[in-house]
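What follows is the content of model11.cif, which has mmCIF, C-alpha atoms:
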data_protein
loop_
_atom_site.label_atom_id
_atom_site.label_comp_id
_atom_site.auth_asym_id
_atom_site.auth_seq_id
_atom_site.Cartn_x
_atom_site.Cartn_y
_atom_site.Cartn_z
CA MET A 4 106.70 -117.95 -37.20
CA LEU A 5 108.50 -114.67 -37.00
CA LYS A 6 105.28 -112.89 -36.34
CA GLY A 7 104.40 -115.30 -33.55
CA THR A 8 107.89 -115.06 -32.11
CA LEU A 9 107.74 -111.28 -32.03
CA ARG A 10 104.28 -111.41 -30.54
CA GLY A 11 105.54 -113.64 -27.74
CA LYS A 12 108.75 -111.72 -27.35
CA TRP A 13 107.13 -108.25 -27.22
CA ALA A 14 103.83 -108.95 -25.52
CA PHE A 15 101.85 -105.90 -24.44
CA GLN A 16 101.81 -105.56 -20.67
CA PRO A 17 99.03 -103.31 -19.30
CA PHE A 18 100.98 -101.85 -16.40
CA GLN A 19 104.21 -100.98 -18.15
CA THR A 20 105.29 -98.49 -20.82
CA ALA A 21 108.23 -98.19 -23.16
CA SER A 22 111.47 -97.23 -21.45
CA LEU A 23 112.59 -93.84 -22.71
CA PRO A 24 115.80 -91.98 -21.83
CA SER A 25 115.08 -89.66 -18.94
CA LYS A 26 116.94 -87.97 -16.17
CA ILE A 27 114.04 -88.54 -13.83
CA SER A 28 113.79 -92.01 -12.35
CA VAL A 29 110.34 -93.10 -11.31
CA SER A 30 109.29 -96.19 -9.44
CA TYR A 31 105.83 -96.51 -10.95
CA GLN A 32 105.43 -96.45 -14.75
CA PRO A 33 102.07 -97.64 -16.10
CA TYR A 34 101.77 -99.30 -19.52
CA ARG A 35 105.42 -100.18 -20.01
CA CYS A 36 106.19 -102.15 -23.18
CA SER A 37 109.24 -104.37 -22.71
CA PRO A 38 110.38 -107.88 -23.66
CA ASN A 39 108.97 -110.63 -21.47
CA SER A 40 112.49 -111.76 -20.68
CA ILE A 41 113.48 -108.43 -19.22
CA PRO A 42 112.33 -107.85 -15.63
CA PRO A 43 110.48 -104.65 -14.79
CA VAL A 44 112.73 -101.66 -14.38
CA LYS A 45 113.50 -100.91 -10.77
CA SER A 46 114.07 -97.33 -9.79
CA ASP A 47 116.56 -96.07 -7.26
CA ALA A 48 114.16 -93.30 -6.26
CA LYS A 49 113.09 -93.48 -2.65
CA VAL A 50 109.53 -93.02 -1.55
CA ILE A 51 109.32 -89.84 0.48
CA GLN A 52 107.42 -90.36 3.68
CA PRO A 53 105.87 -87.30 5.34
CA THR A 54 107.79 -86.21 8.42
CA PHE A 55 105.71 -84.79 11.19
CA SER A 56 106.99 -81.68 12.93
CA VAL A 57 104.46 -81.62 15.74
CA GLY A 58 106.75 -83.45 18.17
CA ALA A 59 106.21 -86.18 20.69
CA GLU A 60 103.50 -84.17 22.39
CA ALA A 61 101.17 -84.88 19.45
CA SER A 62 101.35 -88.66 19.84
CA GLY A 63 97.72 -88.71 20.88
CA LEU A 64 96.59 -87.23 17.55
CA SER A 65 95.41 -89.26 14.60
CA ASP A 66 97.60 -89.65 11.50
CA LYS A 67 95.25 -87.40 9.58
CA GLU A 68 95.56 -84.65 12.19
CA LYS A 69 99.35 -85.02 12.31
CA LEU A 70 99.52 -84.68 8.52
CA ARG A 71 97.29 -81.61 8.64
CA LEU A 72 99.54 -79.94 11.22
CA ASP A 73 102.61 -80.83 9.20
CA MET A 74 101.16 -79.35 6.03
CA LEU A 75 100.34 -76.18 7.92
CA SER A 76 103.96 -75.89 9.06
CA LEU A 77 105.20 -76.27 5.46
CA LYS A 78 103.18 -73.35 4.08
CA LYS A 79 105.31 -70.58 2.66
CA VAL A 80 105.32 -66.95 3.69
CA GLN A 81 103.20 -65.42 0.97
CA ASN A 82 99.99 -63.57 0.26
CA VAL A 83 99.72 -61.84 3.63
CA THR A 84 96.22 -60.36 3.90
CA TRP A 85 94.36 -58.12 6.31
CA LYS A 86 92.92 -61.24 7.93
CA ASP A 87 96.43 -62.47 8.70
CA PHE A 88 97.32 -59.14 10.28
CA SER A 89 94.01 -59.12 12.16
CA ASP A 90 94.66 -62.63 13.49
CA LEU A 91 98.20 -61.71 14.50
CA THR A 92 97.02 -58.73 16.53
CA LYS A 93 93.65 -60.27 17.52
CA PHE A 94 91.82 -57.22 16.25
CA LYS A 95 88.37 -58.27 17.54
CA LEU A 96 89.59 -59.11 21.04
CA SER A 97 91.53 -55.84 21.09
CA ALA A 98 88.34 -54.01 20.09
CA LEU A 99 86.61 -55.49 23.15
CA ASN A 100 89.48 -54.16 25.25
CA THR A 101 89.02 -50.74 23.62
CA TRP A 102 85.30 -50.78 24.44
CA VAL A 103 86.07 -51.35 28.12
CA ALA A 104 88.64 -48.52 28.15
CA ALA A 105 86.19 -46.20 26.37
CA THR A 106 83.59 -46.94 29.04
CA GLY A 107 86.03 -45.79 31.72
CA TYR A 108 86.78 -42.71 29.61
CA PHE A 109 83.13 -41.67 29.33
CA MET A 110 82.43 -42.40 32.99
CA THR A 111 84.41 -39.24 33.76
CA ASN A 112 81.75 -37.28 31.78
CA LYS A 113 84.43 -36.47 29.25
CA CYS A 114 81.85 -36.92 26.51
CA LEU A 115 80.10 -33.71 27.67
CA TYR A 116 82.79 -31.47 26.23
CA ALA A 117 85.25 -33.61 24.20
CA ASP A 118 85.03 -33.40 20.42
CA MET A 119 84.77 -36.53 18.33
CA SER A 120 88.27 -36.20 16.87
CA HIS A 121 89.73 -36.31 20.39
CA VAL A 122 87.63 -39.37 21.22
CA GLY A 123 88.64 -41.05 17.96
CA LEU A 124 92.34 -40.56 18.67
CA PHE A 125 91.88 -42.08 22.11
CA LEU A 126 90.18 -45.16 20.65
CA ILE A 127 92.93 -45.57 18.06
CA ALA A 128 95.63 -45.29 20.73
CA VAL A 129 94.01 -47.90 22.97
CA GLN A 130 93.37 -50.25 20.04
CA MET A 131 97.01 -50.10 18.96
CA SER A 132 98.20 -50.70 22.51
CA ALA A 133 96.03 -53.83 22.83
CA MET A 134 97.07 -55.10 19.39
CA SER A 135 100.75 -54.71 20.27
CA SER A 136 100.33 -56.96 23.32
CA GLN A 137 98.66 -59.69 21.27
CA ALA A 138 101.30 -59.62 18.51
CA MET A 139 104.16 -59.82 21.02
CA ASN A 140 102.46 -62.67 22.85
CA GLN A 141 102.19 -64.72 19.67
CA ALA A 142 105.80 -63.99 18.77
CA ILE A 143 106.91 -65.41 22.13
CA GLU A 144 104.62 -68.46 22.09
CA VAL A 145 104.92 -69.50 18.44
CA GLU A 146 106.55 -72.87 19.23
CA HIS A 147 103.84 -73.67 21.77
CA ASP A 148 101.08 -72.58 19.38
CA LYS A 149 102.35 -75.07 16.80
CA LYS A 150 101.65 -77.95 19.19
CA MET A 151 98.06 -76.94 19.94
CA LYS A 152 95.16 -77.74 17.65
CA ARG A 153 93.38 -74.57 18.77
CA THR A 154 96.27 -72.24 17.83
CA SER A 155 98.02 -74.09 14.98
CA HIS A 156 96.11 -72.03 12.40
CA ARG A 157 97.47 -68.69 13.66
CA PRO A 158 99.63 -66.64 11.26
CA LEU A 159 102.97 -67.45 12.90
CA PRO A 160 102.57 -71.27 12.92
CA LEU A 161 101.40 -71.01 9.30
CA GLY A 162 104.49 -69.03 8.40
CA LYS A 163 102.65 -65.89 7.35
CA PHE A 164 104.92 -63.86 9.64
CA THR A 165 108.23 -64.61 11.28
CA PRO A 166 108.68 -64.00 15.02
CA SER A 167 110.98 -61.08 14.20
CA GLN A 168 108.34 -59.49 11.98
CA ALA A 169 105.66 -59.94 14.65
CA THR A 170 107.96 -58.37 17.24
CA ALA A 171 108.64 -55.40 14.97
CA ILE A 172 104.91 -54.91 14.38
CA SER A 173 104.29 -55.05 18.13
CA TRP A 174 106.91 -52.41 18.96
CA GLY A 175 105.67 -50.18 16.16
CA LEU A 176 102.07 -50.29 17.40
CA LEU A 177 103.13 -49.70 21.00
CA GLY A 178 105.32 -46.75 20.03
CA ALA A 179 102.54 -45.07 18.03
CA SER A 180 100.13 -45.65 20.90
CA ASN A 181 102.52 -44.06 23.40
CA VAL A 182 102.95 -40.98 21.22
CA LEU A 183 99.19 -40.38 21.22
CA LEU A 184 98.59 -41.22 24.87
CA TYR A 185 101.45 -39.19 26.37
CA SER A 186 100.97 -36.18 24.10
CA LEU A 187 97.17 -35.92 24.23
CA PHE A 188 95.89 -37.76 27.31
CA GLY A 189 98.51 -37.38 30.02
CA TRP A 190 101.29 -39.42 31.53
CA GLN A 191 98.91 -41.44 33.74
CA ALA A 192 97.09 -42.94 30.76
CA GLY A 193 100.40 -43.76 29.07
CA ALA A 194 101.75 -45.32 32.26
CA VAL A 195 98.70 -47.57 32.62
CA ALA A 196 98.95 -48.69 28.99
CA ASN A 197 102.63 -49.59 29.40
CA ALA A 198 101.95 -51.32 32.72
CA ILE A 199 99.34 -53.51 31.02
CA PHE A 200 101.74 -54.36 28.18
CA SER A 201 104.67 -55.13 30.48
CA SER A 202 102.62 -57.22 32.92
CA TYR A 203 100.98 -59.20 30.13
CA ILE A 204 104.18 -59.94 28.22
CA TRP A 205 106.89 -60.24 30.86
CA ILE A 206 104.90 -61.74 33.75
CA TYR A 207 101.67 -63.38 32.60
CA THR A 208 103.02 -64.98 29.40
CA PRO A 209 105.93 -66.91 31.03
CA MET A 210 103.82 -67.66 34.12
CA LYS A 211 101.46 -69.74 31.99
CA ARG A 212 104.17 -72.39 31.77
CA THR A 213 105.26 -72.29 35.41
CA SER A 214 102.27 -71.77 37.72
CA GLU A 215 98.53 -72.29 37.64
CA ALA A 216 98.21 -68.92 39.42
CA ASN A 217 98.61 -67.35 35.98
CA THR A 218 94.82 -67.14 35.73
CA ILE A 219 94.68 -64.77 38.69
CA TRP A 220 97.47 -62.59 37.34
CA GLY A 221 96.00 -62.55 33.84
CA SER A 222 92.62 -61.50 35.22
CA LEU A 223 94.27 -58.70 37.18
CA VAL A 224 96.09 -57.41 34.09
CA GLY A 225 92.87 -57.38 32.08
CA ALA A 226 90.95 -55.73 34.91
CA ILE A 227 92.94 -52.50 35.04
CA VAL A 228 91.99 -51.51 31.48
CA PRO A 229 89.15 -49.18 32.67
CA TYR A 230 91.75 -47.07 34.49
CA LEU A 231 93.38 -46.37 31.12
CA GLY A 232 90.19 -44.62 29.99
CA TRP A 233 89.53 -43.09 33.39
CA PHE A 234 92.89 -41.31 33.56
CA ALA A 235 92.68 -40.30 29.91
CA GLY A 236 89.38 -38.59 30.72
CA GLY A 237 90.91 -36.70 33.64
CA GLY A 238 89.44 -38.82 36.42
CA SER A 239 90.84 -38.89 39.94
CA ALA A 240 92.78 -41.89 41.23
CA LEU A 241 90.77 -41.71 44.49
CA SER A 242 87.38 -42.24 42.83
CA MET A 243 85.57 -45.53 43.47
CA SER A 244 83.76 -45.66 40.11
CA PRO A 245 86.64 -47.16 38.09
CA PHE A 246 87.47 -49.49 40.98
CA PHE A 247 84.05 -51.15 40.85
CA LEU A 248 84.21 -51.37 37.07
CA CYS A 249 87.62 -53.04 37.33
CA SER A 250 86.39 -55.45 40.02
CA PHE A 251 83.63 -56.68 37.71
CA ILE A 252 86.09 -57.23 34.83
CA PHE A 253 88.39 -59.12 37.21
CA ALA A 254 85.62 -61.43 38.44
CA TRP A 255 84.12 -62.01 35.00
CA GLN A 256 87.31 -63.47 33.53
CA PHE A 257 87.32 -66.53 35.82
CA PRO A 258 84.22 -68.41 34.58
CA HIS A 259 84.93 -67.31 31.03
CA PHE A 260 88.50 -68.60 31.05
CA TYR A 261 87.70 -71.79 32.94
CA GLY A 262 85.12 -72.59 30.28
CA ILE A 263 87.82 -72.15 27.62
CA LEU A 264 90.35 -74.15 29.66
CA TRP A 265 88.15 -77.22 30.09
CA THR A 266 87.03 -77.06 26.47
CA TYR A 267 90.65 -77.27 25.26
CA LYS A 268 92.23 -78.94 28.25
CA ASP A 269 94.26 -81.49 26.26
CA ASP A 270 95.42 -78.75 23.93
CA TYR A 271 96.84 -76.73 26.81
CA LYS A 272 98.76 -79.80 28.01
CA ARG A 273 100.27 -80.33 24.56
CA GLY A 274 101.29 -76.68 24.51
CA GLY A 275 103.15 -77.04 27.80
CA PHE A 276 100.92 -74.67 29.80
CA LYS A 277 100.39 -75.27 33.49
CA MET A 278 96.72 -74.70 34.28
CA LEU A 279 94.28 -75.51 37.06
CA GLU A 280 93.36 -79.20 36.95
CA ASP A 281 90.69 -79.39 39.65
CA PRO A 282 87.22 -78.79 38.12
CA ILE A 283 85.60 -78.44 41.54
CA LYS A 284 87.92 -75.59 42.45
CA ALA A 285 87.25 -73.97 39.08
CA ALA A 286 83.49 -74.19 39.63
CA ARG A 287 83.79 -72.65 43.10
CA HIS A 288 85.90 -69.82 41.73
CA SER A 289 83.22 -69.23 39.11
CA LYS A 290 80.51 -69.04 41.77
CA LEU A 291 82.58 -66.57 43.75
CA ALA A 292 82.89 -64.55 40.55
CA VAL A 293 79.11 -64.17 40.43
CA ALA A 294 79.25 -62.71 43.93
CA GLY A 295 81.82 -60.29 42.54
CA TYR A 296 79.33 -59.33 39.82
CA LEU A 297 76.75 -58.40 42.44
CA ALA A 298 79.19 -56.50 44.64
CA SER A 299 80.48 -54.46 41.70
CA THR A 300 76.96 -53.64 40.53
CA ILE A 301 75.86 -52.53 44.00
CA GLY A 302 78.98 -50.39 44.28
CA LEU A 303 78.23 -48.59 41.02
CA ILE A 304 74.62 -48.06 42.10
CA CYS A 305 75.94 -46.36 45.23
CA THR A 306 78.25 -44.11 43.19
CA GLY A 307 75.39 -43.21 40.85
CA ASP A 308 76.96 -44.76 37.75
CA ILE A 309 74.23 -47.40 37.39
CA SER A 310 70.52 -46.90 37.83
CA ILE A 311 68.84 -49.11 40.40
CA TYR A 312 66.39 -50.17 37.70
CA SER A 313 69.26 -51.70 35.74
CA SER A 314 70.03 -54.01 38.64
CA ILE A 315 66.90 -56.08 37.94
CA PRO A 316 67.92 -57.42 34.49
CA ALA A 317 71.54 -57.56 35.66
CA GLY A 318 70.67 -59.72 38.66
CA TYR A 319 68.65 -62.08 36.46
CA ALA A 320 71.53 -62.41 33.98
CA TYR A 321 73.98 -63.11 36.79
CA TRP A 322 71.80 -65.90 38.15
CA LYS A 323 70.78 -67.55 34.88
CA TYR A 324 74.00 -67.16 32.88
CA GLY A 325 76.54 -67.01 35.69
CA TRP A 326 75.47 -68.99 38.75
CA LYS A 327 73.52 -71.83 37.09
CA PRO A 328 76.24 -72.79 34.55
CA ALA A 329 78.83 -72.82 37.36
CA VAL A 330 76.64 -75.11 39.48
CA GLU A 331 76.05 -77.46 36.55
CA PHE A 332 79.78 -77.58 35.82
CA GLU A 333 80.49 -78.38 39.48
CA LYS A 334 78.07 -81.32 39.35
CA ASN A 335 79.31 -82.57 36.00
CA PRO A 336 82.55 -81.06 34.59
CA SER A 337 81.85 -82.31 31.08
CA LEU A 338 82.86 -80.75 27.79
CA GLU A 339 79.28 -79.68 27.15
CA ASN A 340 78.99 -77.85 30.49
CA ALA A 341 82.42 -76.25 29.98
CA LYS A 342 81.30 -74.83 26.62
CA LYS A 343 78.08 -73.66 28.20
CA MET A 344 79.94 -71.81 30.95
CA LYS A 345 82.22 -70.25 28.34
CA TYR A 346 79.51 -68.91 26.03
CA THR A 347 76.92 -67.92 28.64
CA SER A 348 79.52 -65.74 30.40
CA TYR A 349 79.11 -63.15 27.65
CA TRP A 350 75.58 -62.34 28.86
CA PRO A 351 76.51 -61.00 32.34
CA PHE A 352 79.31 -58.97 30.75
CA THR A 353 77.01 -57.48 28.11
CA VAL A 354 74.20 -56.63 30.54
CA PHE A 355 76.61 -55.03 33.00
CA MET A 356 78.36 -52.90 30.39
CA LEU A 357 75.04 -51.81 28.89
CA SER A 358 73.90 -50.76 32.36
CA VAL A 359 77.01 -48.62 32.73
CA ILE A 360 76.50 -47.09 29.28
CA LEU A 361 72.84 -46.32 30.04
CA GLY A 362 74.00 -44.64 33.24
CA ILE A 363 76.38 -42.47 31.23
CA ILE A 364 73.63 -41.54 28.77
CA GLN A 365 71.30 -40.68 31.64
CA ARG A 366 73.89 -38.37 33.22
CA VAL A 367 74.52 -36.66 29.88
CA TYR A 368 70.78 -36.08 29.43
CA ILE A 369 70.39 -34.68 32.95
CA HIS A 370 73.42 -32.46 32.44
CA GLU A 371 72.03 -31.07 29.20
CA TYR A 372 68.63 -30.59 30.86
CA HIS A 373 70.12 -28.60 33.73
CA GLN A 374 72.31 -26.54 31.42
CA GLU A 375 69.67 -25.66 28.84
CA VAL A 376 66.30 -25.66 30.64
CA LEU A 377 66.74 -25.09 34.32
CA PRO A 378 69.17 -22.13 34.12
CA GLU A 379 66.67 -20.13 32.05
CA GLU A 380 63.96 -20.63 34.66
CA ALA A 381 66.42 -20.03 37.47
CA LYS A 382 67.47 -16.68 36.01
CA LYS A 383 63.90 -15.36 36.17
CA GLU A 384 63.49 -16.42 39.79
CA THR A 385 66.91 -15.79 41.30
CA THR A 386 68.21 -12.71 39.48
CA PRO A 387 65.91 -10.14 41.26
CA ALA A 388 66.78 -11.60 44.61
CA LYS A 389 70.47 -11.35 43.87
CA VAL A 390 70.07 -7.70 42.78
CA GLU A 391 68.26 -6.84 46.03
CA GLU A 392 71.01 -8.47 48.06
CA VAL A 393 73.65 -6.42 46.23
CA GLN A 394 71.69 -3.20 46.87
CA VAL A 395 71.36 -3.98 50.58
CA ASP A 396 75.09 -4.62 50.79
CA ILE A 397 75.83 -1.26 49.11
CA LYS A 398 73.54 0.67 51.51
CA SER A 399 75.02 -1.03 54.55
CA ALA A 400 78.48 -0.14 53.31
#

What is this file in structure tokens?
Amino acid sequence: MLKGTLRGKWAFQPFQTASLPSKISVSYQPYRCSPNSIPPVKSDAKVIQPTFSVGAEASGLSDKEKLRLDMLSLKKVQNVTWKDFSDLTKFKLSALNTWVAATGYFMTNKCLYADMSHVGLFLIAVQMSAMSSQAMNQAIEVEHDKKMKRTSHRPLPLGKFTPSQATAISWGLLGASNVLLYSLFGWQAGAVANAIFSSYIWIYTPMKRTSEANTIWGSLVGAIVPYLGWFAGGGSALSMSPFFLCSFIFAWQFPHFYGILWTYKDDYKRGGFKMLEDPIKAARHSKLAVAGYLASTIGLICTGDISIYSSIPAGYAYWKYGWKPAVEFEKNPSLENAKKMKYTSYWPFTVFMLSVILGIIQRVYIHEYHQEVLPEEAKKETTPAKVEEVQVDIKSA
């Protein structure tokens, strides 16, 4: 009887365990052994629900995406790597900026007599200047980047850096860049670098949230980069060569950016940026940009910076990878056509820049040919004539 009574009194319950003294109260305790007459232990612990920090702007996101963004915002500042620093300063994009500036530098034929250490210091200075702009931009827009799926993985939204740290990094890079530019490459190069930084940070960045004309201003800021290299190489402000190079960079940014804009259009709205909303106008701007490609190329052919033979592949690239994607986007402004316009825009840029580089190489070769080969032949032919002229002058005197 006693055995049966105990068996009924202390029956084994599969989802409960013995109650042990503990400071931690839990609401779910599997395999608890307790008398049948005693109700299951209820805990005062509250179930913690995840709180989403993405704001009301993210109401269109799924719960899974909201949770992902919230987990990103809760990451601690730790284990900062080179990749984090590279993402903060957009090292790859800054390197593209440096390439454009270096092209303007070599267009002055500076490569004919500049040593590699001088060139290397110029590239380092330009790279640091571009990286400083990107770091400052992210420090200013960190709250907006948190709301956008495209930018939520950047170092500042993840908490890898604080805005104050990013600002300090930006000023440090800009200061080091100015020391090199002003001391080695002249005040004009330093002035252009600071003008780019100031225009990008204090005009273009806030304009993105106030006016859709920010695309025009941003393209203008990015277009004057070749002048940084041109002045560093000792070029004249009256020359047309850097102007045509800048005009191509200005035109190229429109189809490229509009492709990015329509690919992440909803993201830009969540971030609070005011962008162009008419796809037909964007497509027409992109077609006008192709006309700018042609005009810039013809201008550089006239100045002798591009060979006329380079215009053939350039013209084909402009038509196939510039004009056709813009026309297709105008007919159907879909996500697929927006991505196509974005990625194909790299081809006209690459072909154009390679044409300019080939023109520089050709001029270097001709210069070396005239300096090393032709002067030797010219000495044999012209020296006697010059001696006779000097003798005649002496007799007449």

Exercise for the section: May I ask which of the residues A:Phe188, A:Tyr108, A:Tyr203, A:Tyr271 is the closest one to Pro245 of chain A, counting all atoms listed in the file? Expected result: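 Between A:Phe188, A:Tyr108, A:Tyr203, A:Tyr271, the residue approaching Pro245 of chain A most closely is A:Tyr108.
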
Exercise for the section: For Ala104 of chain A, please output as a list in words all residues within 9 Å (counting all atoms listed in the file; exclusion window: fewer than 6 positions along the same chain). Expected result: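 Contacts, in chain order: Leu126, Val129, Val228, Pro229, Tyr230, Leu231, Gly232 and Trp233 of chain A.
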
Problem - Residue nearest Thr208 of chain A - candidates A:Ala235, A:Leu264, A:Ser250, A:Gln141, atoms counted: all atoms listed in the file - result: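 Once distances to Thr208 of chain A are computed over all atoms listed in the file, the minimum belongs to A:Gln141.
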
All file atoms of segment 227-236 of chain A boxed axis-aligned, 8 Å per side, centre plus edges, as lines of an AutoDock Vina configuration file:
center_x = 91.3
center_y = -45.5
center_z = 32.5
size_x = 20.2
size_y = 29.9
size_z = 21.1

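Under the PyMOL selection byres ((chain A and resi 347-355) around 6), the matching residues in the shown file are His259, Ala317, Ala320, Tyr321, Tyr324, Lys343, Met344, Lys345, Tyr346, Met356, Leu357 and Ser358 of chain A.
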
Exercise for the section: Find the distance between atom CA of Trp322 of chain A and atom CA of Pro258 of chain A and write it in Å to one decimal. Expected result: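 Taking atom CA of Trp322 of chain A as the start and atom CA of Pro258 of chain A as the end point, the length is 13.2 Å.
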
Practice task
One decimal, Å: what's the distance from atom CA of Val293 of chain A over to atom CA of Glu339 of chain A, could you say?
Solution key: 20.4 Å

Exercise for the section: Kindly give the distance, in Å, that separates atom CA of Asn340 of chain A and atom CA of Met210 of chain A, rounded to a single decimal. Expected result: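 Taking atom CA of Asn340 of chain A as the start and atom CA of Met210 of chain A as the end point, the length is 27.1 Å.
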
Handout entry: Distance query Ala133 of chain A at most 10 Å, all atoms listed in the file, self and fewer than 6 positions along chain excluded, as a list of chain:residue names
Key =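 That gives A:Thr92, A:Lys93, A:Phe94, A:Leu96, A:Ser97, A:Ala98, A:Leu99, A:Asn100, A:Thr101, A:Ser173, A:Leu176, A:Leu177, A:Ser180, A:Ala196, A:Ile199, A:Phe200, A:Val228.
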
Write the selection just made, keeping C-alpha atoms, as a PDB file, in the frame of the given file?
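Final file, selection_24.pdb:
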ATOM      1  CA  THR A  92      97.020 -58.730  16.530  1.00  0.00           C
ATOM      2  CA  LYS A  93      93.650 -60.270  17.520  1.00  0.00           C
ATOM      3  CA  PHE A  94      91.820 -57.220  16.250  1.00  0.00           C
ATOM      4  CA  LEU A  96      89.590 -59.110  21.040  1.00  0.00           C
ATOM      5  CA  SER A  97      91.530 -55.840  21.090  1.00  0.00           C
ATOM      6  CA  ALA A  98      88.340 -54.010  20.090  1.00  0.00           C
ATOM      7  CA  LEU A  99      86.610 -55.490  23.150  1.00  0.00           C
ATOM      8  CA  ASN A 100      89.480 -54.160  25.250  1.00  0.00           C
ATOM      9  CA  THR A 101      89.020 -50.740  23.620  1.00  0.00           C
ATOM     10  CA  SER A 173     104.290 -55.050  18.130  1.00  0.00           C
ATOM     11  CA  LEU A 176     102.070 -50.290  17.400  1.00  0.00           C
ATOM     12  CA  LEU A 177     103.130 -49.700  21.000  1.00  0.00           C
ATOM     13  CA  SER A 180     100.130 -45.650  20.900  1.00  0.00           C
ATOM     14  CA  ALA A 196      98.950 -48.690  28.990  1.00  0.00           C
ATOM     15  CA  ILE A 199      99.340 -53.510  31.020  1.00  0.00           C
ATOM     16  CA  PHE A 200     101.740 -54.360  28.180  1.00  0.00           C
ATOM     17  CA  VAL A 228      91.990 -51.510  31.480  1.00  0.00           C
TER      18      VAL A 228
END

Exercise for the section: Report as a list of chain:residue names the full result of the PyMOL selection byres ((chain A and resi 159) around 9) when it is applied to this structure. Expected result: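 Answer for the PyMOL selection byres ((chain A and resi 159) around 9): A:Leu91, A:Gln141, A:Ala142, A:Val145, A:Asp148, A:Lys149, A:Ser155, A:His156, A:Arg157, A:Pro158, A:Pro160, A:Leu161, A:Gly162, A:Lys163, A:Phe164, A:Thr165, A:Pro166, A:Ala169.
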
Handout entry: Residue nearest Ser222 of chain A - candidates A:Val83, A:Cys305, A:Ala171, A:Ala292, atoms counted: only C-alpha atoms
Key =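 With only C-alpha atoms as the atom set, the closest residue is A:Ala292.
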
Exercise for the section: Please write as an MDAnalysis selection string the list of polymer residues whose atoms come within 12 Å of (88.3, -40.7, 19.8), counting all atoms listed in the file and keeping to the coordinates of the file. Expected result: chainID A and resid 101:102 104:105 108:109 113:114 117:130 183:184 187:188 232 235:236

Could you dump the residues just selected with C-alpha atoms as a short mmCIF file (atom, residue, chain, number, x, y, z; two decimals), in the coordinates of the input?
data_model
loop_
_atom_site.label_atom_id
_atom_site.label_comp_id
_atom_site.auth_asym_id
_atom_site.auth_seq_id
_atom_site.Cartn_x
_atom_site.Cartn_y
_atom_site.Cartn_z
CA THR A 101 89.02 -50.74 23.62
CA TRP A 102 85.30 -50.78 24.44
CA ALA A 104 88.64 -48.52 28.15
CA ALA A 105 86.19 -46.20 26.37
CA TYR A 108 86.78 -42.71 29.61
CA PHE A 109 83.13 -41.67 29.33
CA LYS A 113 84.43 -36.47 29.25
CA CYS A 114 81.85 -36.92 26.51
CA ALA A 117 85.25 -33.61 24.20
CA ASP A 118 85.03 -33.40 20.42
CA MET A 119 84.77 -36.53 18.33
CA SER A 120 88.27 -36.20 16.87
CA HIS A 121 89.73 -36.31 20.39
CA VAL A 122 87.63 -39.37 21.22
CA GLY A 123 88.64 -41.05 17.96
CA LEU A 124 92.34 -40.56 18.67
CA PHE A 125 91.88 -42.08 22.11
CA LEU A 126 90.18 -45.16 20.65
CA ILE A 127 92.93 -45.57 18.06
CA ALA A 128 95.63 -45.29 20.73
CA VAL A 129 94.01 -47.90 22.97
CA GLN A 130 93.37 -50.25 20.04
CA LEU A 183 99.19 -40.38 21.22
CA LEU A 184 98.59 -41.22 24.87
CA LEU A 187 97.17 -35.92 24.23
CA PHE A 188 95.89 -37.76 27.31
CA GLY A 232 90.19 -44.62 29.99
CA ALA A 235 92.68 -40.30 29.91
CA GLY A 236 89.38 -38.59 30.72
#

Practice task
Return the single residue from A:Gly175, A:Pro336, A:Gly274, A:Gly318 that is closest to Arg153 of chain A, with distances computed using only C-alpha atoms.
Solution key: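 Checking each candidate against Arg153 of chain A, we get A:Gly274 as the closest.
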
Practice task
Might you spell out which residues the PyMOL selection byres ((chain A and resi 254) around 10) would select in the displayed file, as a PyMOL selection string?
Solution key: chain A and resi 219+222-223+226+249-253+255-259+288-296+299

Practice task
Find the residues around Ile263 of chain A up to 8 Å (all atoms listed in the file counted), leave out those fewer than 2 positions away in its own chain, and share them as an MDAnalysis selection string.
Solution key: chainID A and resid 259:261 265:267 341:342 345

Handout entry: Residues near Gly189 of chain A, cut-off 9 Å, all atoms listed in the file, skip fewer than 4 positions along chain, as a PyMOL selection string
Key = chain A and resi 184-185+193-194+234-235+237

Please output segment 104-109 of chain A, rebuilt to include N, CA and C atoms, as an mmCIF file, in the coordinates of the input.
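out_19.cif, written as the output of this step:
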data_model
loop_
_atom_site.group_PDB
_atom_site.id
_atom_site.type_symbol
_atom_site.label_atom_id
_atom_site.label_comp_id
_atom_site.auth_asym_id
_atom_site.auth_seq_id
_atom_site.Cartn_x
_atom_site.Cartn_y
_atom_site.Cartn_z
ATOM 1 N N ALA A 104 87.905 -49.755 27.838
ATOM 2 C CA ALA A 104 88.640 -48.520 28.150
ATOM 3 C C ALA A 104 87.798 -47.292 27.832
ATOM 4 N N ALA A 105 87.050 -47.332 26.729
ATOM 5 C CA ALA A 105 86.190 -46.200 26.370
ATOM 6 C C ALA A 105 85.098 -45.980 27.396
ATOM 7 N N THR A 106 84.595 -47.069 27.989
ATOM 8 C CA THR A 106 83.590 -46.940 29.040
ATOM 9 C C THR A 106 84.156 -46.184 30.239
ATOM 10 N N GLY A 107 85.386 -46.532 30.636
ATOM 11 C CA GLY A 107 86.030 -45.790 31.720
ATOM 12 C C GLY A 107 86.262 -44.334 31.350
ATOM 13 N N TYR A 108 86.562 -44.080 30.086
ATOM 14 C CA TYR A 108 86.780 -42.710 29.610
ATOM 15 C C TYR A 108 85.508 -41.875 29.729
ATOM 16 N N PHE A 109 84.385 -42.426 29.305
ATOM 17 C CA PHE A 109 83.130 -41.670 29.330
ATOM 18 C C PHE A 109 82.507 -41.597 30.716
#
